[in-house]
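Encoded as structure tokens, the structure appears first; notes follow it.
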Amino acid sequence: MCKDKKSETTIKITEQPSLYNDLEKKSIREILEDINTEDRKVALAIRETIPQIEKLVSEIVPRMKQGGRIFYMGAGTSGRLGVLDASEIPPTFGMPNTLVIGLIAGGDTALRNPVENAEDDRERGWQELLEHNINKKDVVIGIAASGTTPYVIGAMHMARRQGILTGCVTSNPSTPMAAEADIPIEMIVGPEYVTGSSRMKSGTGQKMILNMITTSVMIQLGRVKGNKMVNMQLSNQKLVDRGTRMIVEELGLTYDQAKALLLMHGSVKKAVDVYRAT
């Protein structure tokens with residue numbers, strides 16, 4: 001962290017000045033290369049957090065085996081990324097949409113448009129969790145680059161008081177949000193290319209970490225076989241074709257036989273299991 005000499009107040013890393021200046025004077029190529037240079041730092045920063053991600057996943061899996069859920073809490077970009085990751089679980093892994101839930105300050109309206117003061121409501125997040133009948137089998141994961149979003153912090157604080165496991169993903173060290181997390185993930189990616197624009201490196205890193213969390217959880221829950229999405233929803237022709245080819249490879253059937261079997265049973269796993277049982 002650095003300090004403003006004039007005020008002696010701590011400046012969040014996410015608010016520190018960009019390492020680049022006079023952006024408007026740069027060529028398109030220079031801008032793109034600079035952004036790419038910064039983006040390379042994200043994966044390296046995440047690598048440093050793997051022990052914490054592992055710890056969180058290790059706590060999530062047994063809870064979900066007992067019927068627990070993951071709740072993502074965020075505002076703005078962070079909230080949208082939580083909703084995005086949650087929305088991808090049913091089609092990818094064939095799980096109900098009630099097991100990974102993304103909550104964003106301001107509700108669904110905030111997915112497309114800012115909702116004034118929504119993220120500053122410290123009480124609302126917990127109220128929303130209560131509306132979902134949150135319990136001790138569940139996990140609450142706060143997402144905020146700054147680590148200071150009241151909507152998220154309030155929800156995590158109350159969840160922790162009720163004995164519910166809390167985690168978080170932030171881009172600043174030692175934040176109020178991390179203080180409310182049993183397992184904080186502090187991904188320090190440095191100042192953004194456009195000063196304070198945490199939709200960039202911080203957002204990219206958040207998306208990567210959420211992918212890591214839910215993908216590893218779903219693999220541990222048996223929703224992947226080998227390296228294939230054998231429980232994916234057959235929501236379009238591309239996925240029907242993919243599933244058909246999986247069955248061809250697994251059972252040695254013709255393409256048409258495999259497709260008929262898949263469409264009859266609705267998933268690769270069910271199709272293979274039923275075929276082998278007969």
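Here, A, B, ... name the chains of the structure tokens in the order displayed, residue numbers run from 1 inside each chain, and ligands are numbered from 1 in the same displayed order.
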Would you kindly return, as a ChimeraX atom specification, each protein, DNA or RNA residue with an atom no farther than 9 Å from any atom of Pro184 in chain A, considering only C-alpha atoms and excluding same-chain residues fewer than 6 positions away? /A:52-53,56,166-170,177-178
So which residues touch range 267-276 of chain A within 9 Å, counting only C-alpha atoms, skipping near sequence neighbours fewer than 6 positions away, as an NGL selection string? :A and (94 or 225 or 229-234 or 243-244 or 246-247 or 250-251 or 258 or 261)
Can you list, as a count of residues only, every protein, DNA or RNA residue that comes within 6 Å of Val115 in chain A when you count only C-alpha atoms, leaving out same-chain residues fewer than 2 positions away? 3
Leaving out range 151-153 of chain A and any residue of its chain fewer than 2 positions from it, which residues lie within 6 Å of it when counting only C-alpha atoms, given as a PyMOL selection string? chain A and resi 73-74+119-122+125+142+149+155-157+177
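Here CA of Ser87 in chain A is placed at a distance of 24.0 Å from CA of Ser146 in chain A.
Rounded to one decimal, CA of Glu88 in chain A and CA of Asp182 in chain A lie 25.8 Å from each other.
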Looking only at the backbone, which of the residues in range 45-256 of chain A does DSSP tag as strand (DSSP E), as a ChimeraX atom specification? /A:70-74,100-104,139-143,165-170,183-186
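Each of A:Leu23, A:Leu111, A:Ala144, A:Ile50 was compared to Arg199 in chain A using only C-alpha atoms, and A:Ala144 turns out to be the nearest.
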When DSSP works through the backbone of this structure, what residues of range 62-239 of chain A end up as alpha helix (DSSP H), shown as a ChimeraX atom specification? /A:62-65,76-93,124-131,150-161,176-179,201-220,237-239
Using only C-alpha atoms, which residue out of A:Val240, A:Val224, A:Ala45, A:Val217 lies closest to Met264 in chain A? A:Val240
Do you know which residues are at most 9 Å from Ala43 in chain A counting only C-alpha atoms, after dropping those on the same chain fewer than 6 positions away, and could you put them as a short mmCIF file (atom, residue, chain, number, x, y, z; two decimals) with N, CA and C atoms, in the first residue's frame?
data_model
loop_
_atom_site.label_atom_id
_atom_site.label_comp_id
_atom_site.auth_asym_id
_atom_site.auth_seq_id
_atom_site.Cartn_x
_atom_site.Cartn_y
_atom_site.Cartn_z
N VAL A 189 -3.18 -7.53 -8.06
CA VAL A 189 -2.79 -7.38 -9.47
C VAL A 189 -2.16 -6.02 -9.76
N GLY A 205 -9.27 -11.12 -13.13
CA GLY A 205 -8.82 -12.05 -12.09
C GLY A 205 -9.98 -12.65 -11.31
N MET A 208 -11.48 -15.43 -13.35
CA MET A 208 -10.63 -16.61 -13.34
C MET A 208 -10.75 -17.38 -12.03
#
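In terms of minimum interatomic distance to Ile188 in chain A, A:Thr49 ranks closest within A:Ser27, A:Asn36, A:Gln220, A:Thr49, counting only C-alpha atoms.
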